[in-house]
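Please read the structure below before turning to the comments.
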Amino acid sequence: MDISLTGIRPTGIPHLGNYLGMFRPALRLARDHEALCFVADLHALIDVRDPAAVAARTRELAAVWLAFGLDPASAALYRQSDVPEVCEAMWLLSCVASKGLLNRAHAYKAAVAANRAGGREPDSGVTVGLYAYPLLMAADILAPGADVVPVGRDQGQHVEIARELARAFNGVYGAVLRAPRAAVDPSVMTVPGLDGRKMSKSYGNAIAVFAGPDELRRSVMRIVTDSRPPEAPKDPEADTVFGLYREFAPAGDVRAMRARYEAGGLGYGEAKAALFEVLDEHLRAPRARFRELMADPGELDRVLAAGAARARELVAITVGRMRAAVGIA
Ligand code: TRP
């Protein structure tokens with residue numbers, strides 16, 4: 001069976017955009033792949049320097065995965081740092097990686113551009129960790145031999161770099177590494193936030209996934225719409241309420257809602273109420289499960305230990321081959 005792999009950095013409880021863009025595609029792939037899902041705690045160290053926060057957010061994210069329905073009996077859920085061979089693979093890759101490839105990575109280029117604009121040295125404040133981020137990510141992907149990597153558009157370049165590094169390694173040592181493919185789900189490329197811009201924690205326009213019903217209702221009511229009165233026909237494609245509704249409601253309900261937008265006679269208040277209902281229904285069980293898991297650290301630990309054991313089995317095969325290939329077996 002093909003292997004799908006998803007890593008998510010532990011940066012706080014996700015919002016609806018994260019759910020639609022990362023968790024849901026990964027959970028769908030998990031149905032017909034051997035799924036590896038991990039908490040990228042090593043990647044978090046690039047900007048989270050509070051040890052208690054790293055530990056707490058890592059557990060929280062593991063609970064989020066399970067609350068959204070990842071089945072630990074069929075998928076491996078693990079902490080990146082519990083599979084140390086990945087770091088070894090990173091070094092072996094770094095010895096064939098051209099520095100220019102990393103110079104072109106978006107995050108690094110953005111940091112350099114910001115420094116130039118501010119009149120600072122190009123690499124001012126840039127850690128080697130930030131620079132090498134794509135190398136560690138390539139090791140995450142190549143070491144367990146992933147075939148498919150579901151990612152948002154912003155991570156596409158990183159998967160491309162992993163492919164490039166697989167080619168570079170194989171070019172020197174023969175066919176050792178499998179090149180993965182990125183799976184970008186086009187239907188959820190941009191999830192609109194409360195103000196209509198892309199949903200993002202930094203814009204303050206996000207809907208928290210595990211908010212209680214009252215907070216969820218308040219968020220939905222804050223969604224910005226145009227000022228058309230109820231009787232006026234409305235363009236569903238231009239409206240955030242509809243944009244979110246269609247991600248969660250059954251297809252028949254979405255068609256009916258679209259028709260009501262276009263016919264006129266539907267006020268945005270009513271559309272928001274319908275969105276709240278469907279969201280609350282969808283999120284009620286995960287919300288409860290999340291709270292249960294956070295209250296039971298033993299269960300989380302067991303799941304993470306089993307996941308790491310499975311990931312290490314897979315990683316041992318490829319990293320063993322890499323070691324043999326370079327002459328350090
Ligand atoms: N860079 C990814 C992000 O910020 C997280 C990540 C780390 C990842 N390693 C990965 C994603 C490997 C996919 C595969 O979202």
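Numbering starts fresh at 1 for the residues of each chain in the structure tokens, the chains themselves are lettered A, B, ... in the order given, and ligands are numbered from 1 as they appear.
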### Environment of ligand 1 within 10 Å, counting only C-alpha atoms and all ligand atoms, reported as a count of residues only
44
### Query
Any idea what's packed within 12 Å of Gly269 in chain A, counting only C-alpha atoms, ignoring anything in its chain fewer than 2 positions away? Could you give it as an NGL selection string?
:A and (217 or 220-230 or 241-242 or 265-267 or 271-276)
### Message
Using only C-alpha atoms, can you tell me which of A:Asp82, A:Ala73, A:Thr58, A:Pro51 comes closest to Ala311 in chain A?
### Response
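Comparing A:Asp82, A:Ala73, A:Thr58, A:Pro51 against Ala311 in chain A, the winner is A:Asp82.
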### Query
So which bits of range 57-135 of chain A end up strand (DSSP E) when you DSSP the backbone, as a PyMOL selection string?
chain A and resi 75-79
### Task
Please measure the separation of CA of Asp239 in chain A and CA of Lys198 in chain A, giving the value in Å to one decimal.
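It comes out at 12.8 Å.
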### Query
Pick from A:Leu300, A:Leu29, A:Met322, A:Leu293: nearest to Arg178 in chain A, with only C-alpha atoms counted?
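Among the listed residues, A:Met322 lies closest to Arg178 in chain A.
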### Message
Give me, as a list in words, all polymer residues having an atom no more than 9 Å from Gly204 in chain A, counting only C-alpha atoms and skipping those fewer than 3 positions away in the same chain.
### Response
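My reading of the contact set: Gly193, Leu194, Met199, Ser200 and Lys201 of chain A.
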### Query
What is the CA of Lys109 in chain A-CA of Leu130 in chain A distance in Å, reported with one decimal?
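It comes out at 10.8 Å.
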### Task
Give me every alpha helix (DSSP H) residue in range 39-255 of chain A, going by DSSP on the backbone, as an MDAnalysis selection string.
chainID A and resid 41:44 51:67 85:94 99:103 106:117 128:142 156:173 213:222 240:248 251:255
